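Visitor: I'd like to ask some things about the structure below.
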Amino acid sequence: MQPIIIIGNGIAGVTAAREVRKLDSQVPILIISGETDYHFSRTALMYIFMGHMKFKHTQPYEDHFWKENKLDLKRAWVEKIDHHSNSIILQGGEKLGYSHLILAVGSTPNKFGWPGQDLPGVQGLYSKQDLDELEKNAVGAKHAVIAGGGLIGIEMAEMLITRGIGVSFLVREKNFWGSVIPEEEAMMIEDHIHEHHVDLRMGDELDSIHAGDDGKVSHIVTKAGEKIECSIVGLTAGVRPNIDWIKEGSEVETDRGILVDNHFRTNLPNVWSIGDCAQLRTPPKGRRPIEAVWYVGKLQGAFVAANICGDPQDYNPGIWWNSAKFFDIEYQTYGTVMPDPQDGEKTFFWKAPDKHITIRINYRENDLAVTGVNVFGIRHRHQVWEKWLSDEAKITDVLSQLAGANFDPEFFNQYEDEIIAHWNHDNSEQVTKTVGKGLFSTLLTKINLFKAN
Amino acid sequence: MLRESHSIVPPDPKLDTIQRIGLSVLGIGLVLFLLALFEQEIATGSWVFYTMLFGIVAGGITYSLRTHLKRPPGIHNNNLVKNTFTAVGAGGWLLGIIITGFYTAYYFFYQESALTKAGTEYRPSITQIFDPLSQLLRNSNADIWFVYGACYTIAVLIMGIKALAKYRHSKYQIVRTCSIMFCQFGFAFIVPSIMERLNQPYFLPNYFWPLEYKALMPDKVETLLSSGKSMAGFVFGWGIIMTLVATPLLTYYFGKRWYCSWVCGCGGLANTAGDSFRQLSNKSRTAWKIERIMIYSILIFVIIMTAMVWMDAWWGTLGGASLPVRKVYGFLIGATFSGVIGVGFYPLLGSRVWCRFGCPMAAVLGMIQKFKSRFRITTNGAQCISCGNCSTYCEMGIDVRWYAQRGQDIKRASCVGCGICSAVCPRGVLSLENGPTEQREEYTMDLLGSAKARKLEKK
């Protein structure tokens, strides 16, 4: 019996492997990765650099886990897919047959053709290899330039700062992460970036990268014409599907990513694709065709496993959610909050004075149904928001029960009273607080939080 | 919008001038302490004590505050897994050997060697230099156990201030750290001293059977109750009530943490002086197996030992067989494990070696926590990114991530509820919560399962 081969040991591929194993205890499963021997948490790369964790700590399963669950691992780079013979060809020529093939090959950092973008010292940050390279580049470095104001950019700034390396952070947008978060939140994040002693330059762009006599990067020039001396350039202007080798070495149909239907099938028989590299031909309503996010990869891994194991499931990811941490500010979002309210949508925003704490709830103007929330500096319960959003609860009901969604640790300041007062000040429909925080909250009992399945 | 101006030079990750000054002043204090410990003549007179105390306190606090206040509030465990002292490098081994050696010498040889050296009248220098403090509190001269208690308390207080600075963004950590500092200072240091001053029996309100097994040894009880001291009954009753009533009740309502990370002195030292070593606890499944075998064996040991001692004392049934058992327990568990290994191995195996593998009190609390308690660590839906900070920084060696990434609540016997997993989580996934016991059954968020449920609802 030929194995199910999964290319890529990131969260999507490994979730697919685990979920297949749950559904079928016998089918052989082989996970191939050229990056690392064992699955690790990509989101934790920054903590390795900062010395919070060793690489070993970022591996979610002990080494014995794979053998006990009969998940075979192979360290290799794949070169070609020969779907006529249901096999893949590794670098070096080894040929392996598959019954099903799952492509979970992830992303690669974007490069936009900047002059000097391939010089030593210029790099993105996505893979373990990128991290190793950054370790080398950081030795003796005094100053770095980071180009691109997304989540990886701010992580890279945080990482370098811990080594005492100065950072100039070039962000093209007017507001930080302005394509995703609204202006008020962006302003707060910008302030916080300054607090961490980063030379943040909004509305500025990388123009060209230049080498010194040693052939390594020595400075960059911005679009505004300014020269900045540096020995590291971080290219963090987003990622794209890592599919160059698939375009060359297979007949898998691609666009920006690997094209898949809503069962994650590619155009080739028994070849599937999930995670960062997959591009949905018809994404679910309100979702993008490529979502390079940890949670999406995990979810898609579960769906593809069901589809392969004969339990067909249309992709239905439920409400959108995501999280991040900007230096010390935690961020969670549930539902959809665009930088500006959509048609027929209103926004309710509150910020704690002099603190890095905000909440924004978007809701429909006609029936007051909530459509999304951004919280910075307060932790909120996933299941509660999932319930409110799928029930299309009214914002007034949500506000009166807001403490029930609070997931902050004990003794933390609670802001529900101020938030409600802020609403009542601006709106005619008055709200009073009806539930409290914690597991004894009547809200949690009411929505059966603990009996989900 | 007017913005505050900030330097674009990041804080120096190496020791800066203020940290160096702090460490130097601390060093002067420690040198005086060591001179006294090694019986050097320099160390006499109250000026030595006050200089030493000033050096340790001022130096320690200066270094601690500067180290953490030079970065904004938040989790900054920078370089902790690379630093030679906190990552079992040469510095860690050196520190481990020094502390272990110090404890061994102090527990087993110090008093005796000091006595034989100069006859029965001789008092070690280290006790002499602590006389001013002892006189102040107890109205009598210091002995080596007063010195030990004072040093332990100073360590908890100074390193407690460091913990307060480090975790200043978390109110749970602030309240909890204040509690352990207060309990060590007040209950374990001041109260026994005052009791002695008032000619009352020895009283450590935050230790009781089975951790403080002596509290239920018949000879101790008899001495206590026949002492004629007015508070003897209270002291005895306190111990009984804490063991039989407070322990199950408080653990039911709040979990094991009410004791292990809020009140206990061992936990107090672990969460202050030991905080920088918490990542060294072993997270493997094998370590968990060894933990369960050891901790419950020691619990059985202390129960059998206590029973035997009582049988001997009341009925003489065992013909004195309990004596060697008690001696072995006292030597192996009471002194060697809880003292020497418990603290000496901080830089090698993490700060909770005793609490995790040895403490019989922790075993009892753990069983109550596991089977009959409102406490659990809840996980927030599917927000976990499997980064591993929670597991890495769990001082009890719990693989917290294993549960968090499955969306499963955590109710492990060993969890002391320190709350650091929740603090270091970058995605707000973990929270220590007390809730209805009927909601505490294992709950897993099956990603596909919930997606399926949604699909059915929509139809």
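Here's how to read the names in the structure tokens: chain A, B, ... by the order shown, residue numbers from 1 in each chain, ligand numbers from 1 in the order shown.
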Please give the complete set of residues from region 57-107 of chain B that DSSP, run on the backbone, assigns to helix (DSSP H, G or I), formatted as a ChimeraX atom specification.
Guide: /B:57-69,90-107
Visitor: Residues of chain A within 6 Å of chain B, using only C-alpha atoms, as JSON, numbers by chain?
Guide: {"A": [41, 44, 50, 51, 52, 53, 57, 58, 161, 163, 164, 166, 197, 198, 199, 302, 328, 379, 381, 382, 383, 409, 410, 411, 412, 439, 440]}
Visitor: Output the selection as a PDB file, in the first residue's frame - N, CA and C atoms for each residue.
Guide:
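Below you can see selection_36.pdb, which holds the result:
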```pdb
ATOM      1  N   SER A  41       7.087  25.059  15.665  1.00  0.00           N
ATOM      2  CA  SER A  41       6.125  26.146  15.528  1.00  0.00           C
ATOM      3  C   SER A  41       6.808  27.347  14.882  1.00  0.00           C
ATOM      4  N   ALA A  44       7.124  30.672  16.449  1.00  0.00           N
ATOM      5  CA  ALA A  44       8.000  30.826  17.614  1.00  0.00           C
ATOM      6  C   ALA A  44       9.441  31.109  17.237  1.00  0.00           C
ATOM      7  N   MET A  50      15.534  35.525  20.322  1.00  0.00           N
ATOM      8  CA  MET A  50      15.595  36.389  21.504  1.00  0.00           C
ATOM      9  C   MET A  50      16.088  35.645  22.740  1.00  0.00           C
ATOM     10  N   GLY A  51      16.277  34.324  22.599  1.00  0.00           N
ATOM     11  CA  GLY A  51      16.769  33.551  23.736  1.00  0.00           C
ATOM     12  C   GLY A  51      15.708  33.236  24.772  1.00  0.00           C
ATOM     13  N   HIS A  52      14.423  33.320  24.389  1.00  0.00           N
ATOM     14  CA  HIS A  52      13.357  32.896  25.309  1.00  0.00           C
ATOM     15  C   HIS A  52      13.220  31.374  25.296  1.00  0.00           C
ATOM     16  N   MET A  53      13.503  30.799  24.129  1.00  0.00           N
ATOM     17  CA  MET A  53      13.370  29.355  23.985  1.00  0.00           C
ATOM     18  C   MET A  53      14.488  28.828  23.108  1.00  0.00           C
ATOM     19  N   HIS A  57      12.443  23.644  22.184  1.00  0.00           N
ATOM     20  CA  HIS A  57      11.211  24.046  22.874  1.00  0.00           C
ATOM     21  C   HIS A  57      10.072  24.357  21.906  1.00  0.00           C
ATOM     22  N   THR A  58      10.411  24.687  20.662  1.00  0.00           N
ATOM     23  CA  THR A  58       9.362  25.079  19.721  1.00  0.00           C
ATOM     24  C   THR A  58       8.760  23.871  19.012  1.00  0.00           C
ATOM     25  N   ILE A 161      16.174  44.331  18.375  1.00  0.00           N
ATOM     26  CA  ILE A 161      16.308  45.241  19.513  1.00  0.00           C
ATOM     27  C   ILE A 161      16.869  44.513  20.731  1.00  0.00           C
ATOM     28  N   ARG A 163      19.039  42.394  20.869  1.00  0.00           N
ATOM     29  CA  ARG A 163      20.497  42.239  20.787  1.00  0.00           C
ATOM     30  C   ARG A 163      21.197  43.592  20.825  1.00  0.00           C
ATOM     31  N   GLY A 164      20.427  44.630  21.073  1.00  0.00           N
ATOM     32  CA  GLY A 164      21.024  45.956  21.090  1.00  0.00           C
ATOM     33  C   GLY A 164      21.317  46.493  19.694  1.00  0.00           C
ATOM     34  N   GLY A 166      20.299  48.575  16.566  1.00  0.00           N
ATOM     35  CA  GLY A 166      19.344  49.626  16.237  1.00  0.00           C
ATOM     36  C   GLY A 166      18.557  49.262  14.984  1.00  0.00           C
ATOM     37  N   HIS A 197      12.171  52.034  21.149  1.00  0.00           N
ATOM     38  CA  HIS A 197      13.388  52.645  20.592  1.00  0.00           C
ATOM     39  C   HIS A 197      13.670  52.229  19.149  1.00  0.00           C
ATOM     40  N   VAL A 198      12.603  52.034  18.394  1.00  0.00           N
ATOM     41  CA  VAL A 198      12.757  51.748  16.973  1.00  0.00           C
ATOM     42  C   VAL A 198      12.599  53.056  16.199  1.00  0.00           C
ATOM     43  N   ASP A 199      13.456  53.227  15.210  1.00  0.00           N
ATOM     44  CA  ASP A 199      13.394  54.404  14.341  1.00  0.00           C
ATOM     45  C   ASP A 199      12.348  54.120  13.259  1.00  0.00           C
ATOM     46  N   ALA A 302      -7.299  19.763   8.834  1.00  0.00           N
ATOM     47  CA  ALA A 302      -8.383  18.898   9.308  1.00  0.00           C
ATOM     48  C   ALA A 302      -9.365  18.590   8.178  1.00  0.00           C
ATOM     49  N   ASP A 328       4.754  44.376  23.159  1.00  0.00           N
ATOM     50  CA  ASP A 328       4.084  43.918  24.382  1.00  0.00           C
ATOM     51  C   ASP A 328       2.559  43.988  24.290  1.00  0.00           C
ATOM     52  N   ARG A 379      -7.782  40.326  26.735  1.00  0.00           N
ATOM     53  CA  ARG A 379      -7.998  39.008  26.140  1.00  0.00           C
ATOM     54  C   ARG A 379      -9.497  38.702  26.144  1.00  0.00           C
ATOM     55  N   ARG A 381     -12.723  35.861  25.010  1.00  0.00           N
ATOM     56  CA  ARG A 381     -12.966  34.436  24.773  1.00  0.00           C
ATOM     57  C   ARG A 381     -13.397  34.176  23.331  1.00  0.00           C
ATOM     58  N   HIS A 382     -12.683  33.258  22.717  1.00  0.00           N
ATOM     59  CA  HIS A 382     -12.958  32.871  21.336  1.00  0.00           C
ATOM     60  C   HIS A 382     -14.399  32.352  21.171  1.00  0.00           C
ATOM     61  N   GLN A 383     -14.768  31.414  22.019  1.00  0.00           N
ATOM     62  CA  GLN A 383     -16.083  30.775  21.840  1.00  0.00           C
ATOM     63  C   GLN A 383     -17.231  31.760  22.011  1.00  0.00           C
ATOM     64  N   PRO A 409      -6.363  37.491  32.989  1.00  0.00           N
ATOM     65  CA  PRO A 409      -6.110  36.816  34.270  1.00  0.00           C
ATOM     66  C   PRO A 409      -6.807  37.518  35.439  1.00  0.00           C
ATOM     67  N   GLU A 410      -6.889  36.809  36.548  1.00  0.00           N
ATOM     68  CA  GLU A 410      -7.502  37.363  37.751  1.00  0.00           C
ATOM     69  C   GLU A 410      -6.787  38.650  38.181  1.00  0.00           C
ATOM     70  N   PHE A 411      -7.514  39.527  38.820  1.00  0.00           N
ATOM     71  CA  PHE A 411      -7.039  40.808  39.378  1.00  0.00           C
ATOM     72  C   PHE A 411      -6.752  41.866  38.320  1.00  0.00           C
ATOM     73  N   PHE A 412      -6.799  41.529  37.042  1.00  0.00           N
ATOM     74  CA  PHE A 412      -6.539  42.554  36.030  1.00  0.00           C
ATOM     75  C   PHE A 412      -7.659  43.592  36.065  1.00  0.00           C
ATOM     76  N   LEU A 439     -15.737  32.042  35.017  1.00  0.00           N
ATOM     77  CA  LEU A 439     -16.471  30.822  34.667  1.00  0.00           C
ATOM     78  C   LEU A 439     -17.830  30.721  35.356  1.00  0.00           C
ATOM     79  N   PHE A 440     -18.050  31.547  36.402  1.00  0.00           N
ATOM     80  CA  PHE A 440     -19.368  31.538  37.029  1.00  0.00           C
ATOM     81  C   PHE A 440     -20.322  32.506  36.339  1.00  0.00           C
TER      82      PHE A 440
END
```
Visitor: Separation of CA of Met231 (chain B) and CA of Glu196 (chain B), in Å?
Guide: 11.4 Å
Visitor: Counting only C-alpha atoms, figure out which residue out of A:Ile378, A:Ile329, A:Leu101, A:Ile29 gets nearest to Leu268 (chain A).
Guide: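 When distances to Leu268 (chain A) are compared using only C-alpha atoms, the smallest one comes from A:Leu101.
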Visitor: Between A:Cys309, A:Val296, A:Lys136, A:Trp77, which has the minimum distance to Ser25 (chain A) (counting only C-alpha atoms)?
Guide: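 Answer, going by the shortest atom-to-atom distance: A:Cys309.
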Visitor: In Å to one decimal, how far is CA of Ser226 (chain B) from CA of Trp315 (chain B)?
Guide: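 Here the two named atoms are 19.7 Å from each other.
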Visitor: Which residues come within 12 Å of Pro283 (chain A), counting only C-alpha atoms, excluding same-chain residues fewer than 6 positions away, as a PDB file with N, CA and C atoms, in the first residue's frame?
Guide:
```pdb
ATOM      1  N   LEU A 259      -3.847  26.073  -7.137  1.00  0.00           N
ATOM      2  CA  LEU A 259      -5.304  26.217  -7.208  1.00  0.00           C
ATOM      3  C   LEU A 259      -5.998  24.964  -6.696  1.00  0.00           C
ATOM      4  N   VAL A 260      -6.951  25.169  -5.783  1.00  0.00           N
ATOM      5  CA  VAL A 260      -7.687  24.031  -5.217  1.00  0.00           C
ATOM      6  C   VAL A 260      -9.178  24.344  -5.195  1.00  0.00           C
ATOM      7  N   ASP A 261      -9.976  23.261  -5.232  1.00  0.00           N
ATOM      8  CA  ASP A 261     -11.425  23.430  -5.080  1.00  0.00           C
ATOM      9  C   ASP A 261     -11.755  23.478  -3.590  1.00  0.00           C
ATOM     10  N   ASN A 262     -13.030  23.524  -3.275  1.00  0.00           N
ATOM     11  CA  ASN A 262     -13.336  23.679  -1.849  1.00  0.00           C
ATOM     12  C   ASN A 262     -13.263  22.360  -1.060  1.00  0.00           C
ATOM     13  N   HIS A 263     -12.688  21.329  -1.714  1.00  0.00           N
ATOM     14  CA  HIS A 263     -12.274  20.129  -0.972  1.00  0.00           C
ATOM     15  C   HIS A 263     -10.756  20.031  -0.888  1.00  0.00           C
ATOM     16  N   PHE A 264     -10.067  21.052  -1.404  1.00  0.00           N
ATOM     17  CA  PHE A 264      -8.606  21.130  -1.431  1.00  0.00           C
ATOM     18  C   PHE A 264      -7.961  20.198  -2.456  1.00  0.00           C
ATOM     19  N   PRO A 289      -8.782  34.156  -1.101  1.00  0.00           N
ATOM     20  CA  PRO A 289      -8.369  32.879  -1.701  1.00  0.00           C
ATOM     21  C   PRO A 289      -7.112  32.294  -1.058  1.00  0.00           C
ATOM     22  N   ILE A 290      -6.188  33.170  -0.628  1.00  0.00           N
ATOM     23  CA  ILE A 290      -4.989  32.695   0.066  1.00  0.00           C
ATOM     24  C   ILE A 290      -4.978  33.345   1.447  1.00  0.00           C
ATOM     25  N   GLU A 291      -4.942  32.541   2.469  1.00  0.00           N
ATOM     26  CA  GLU A 291      -4.849  33.087   3.824  1.00  0.00           C
ATOM     27  C   GLU A 291      -3.656  32.432   4.527  1.00  0.00           C
ATOM     28  N   ASP A 314     -17.164  20.133   2.504  1.00  0.00           N
ATOM     29  CA  ASP A 314     -16.907  21.429   1.887  1.00  0.00           C
ATOM     30  C   ASP A 314     -16.192  22.312   2.903  1.00  0.00           C
ATOM     31  N   TYR A 315     -15.224  23.073   2.417  1.00  0.00           N
ATOM     32  CA  TYR A 315     -14.474  23.950   3.323  1.00  0.00           C
ATOM     33  C   TYR A 315     -15.403  24.995   3.929  1.00  0.00           C
ATOM     34  N   ASN A 316     -15.503  24.963   5.233  1.00  0.00           N
ATOM     35  CA  ASN A 316     -16.364  25.900   5.946  1.00  0.00           C
ATOM     36  C   ASN A 316     -15.620  26.347   7.195  1.00  0.00           C
ATOM     37  N   PRO A 317     -14.804  27.370   7.072  1.00  0.00           N
ATOM     38  CA  PRO A 317     -13.927  27.729   8.188  1.00  0.00           C
ATOM     39  C   PRO A 317     -14.623  28.457   9.323  1.00  0.00           C
TER      40      PRO A 317
END
```
Visitor: Quote the spacing between CA of Glu62 (chain A) and CA of Asp37 (chain A) in Å to one decimal place.
Guide: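 About the pair CA of Glu62 (chain A) and CA of Asp37 (chain A): they are 12.2 Å apart.
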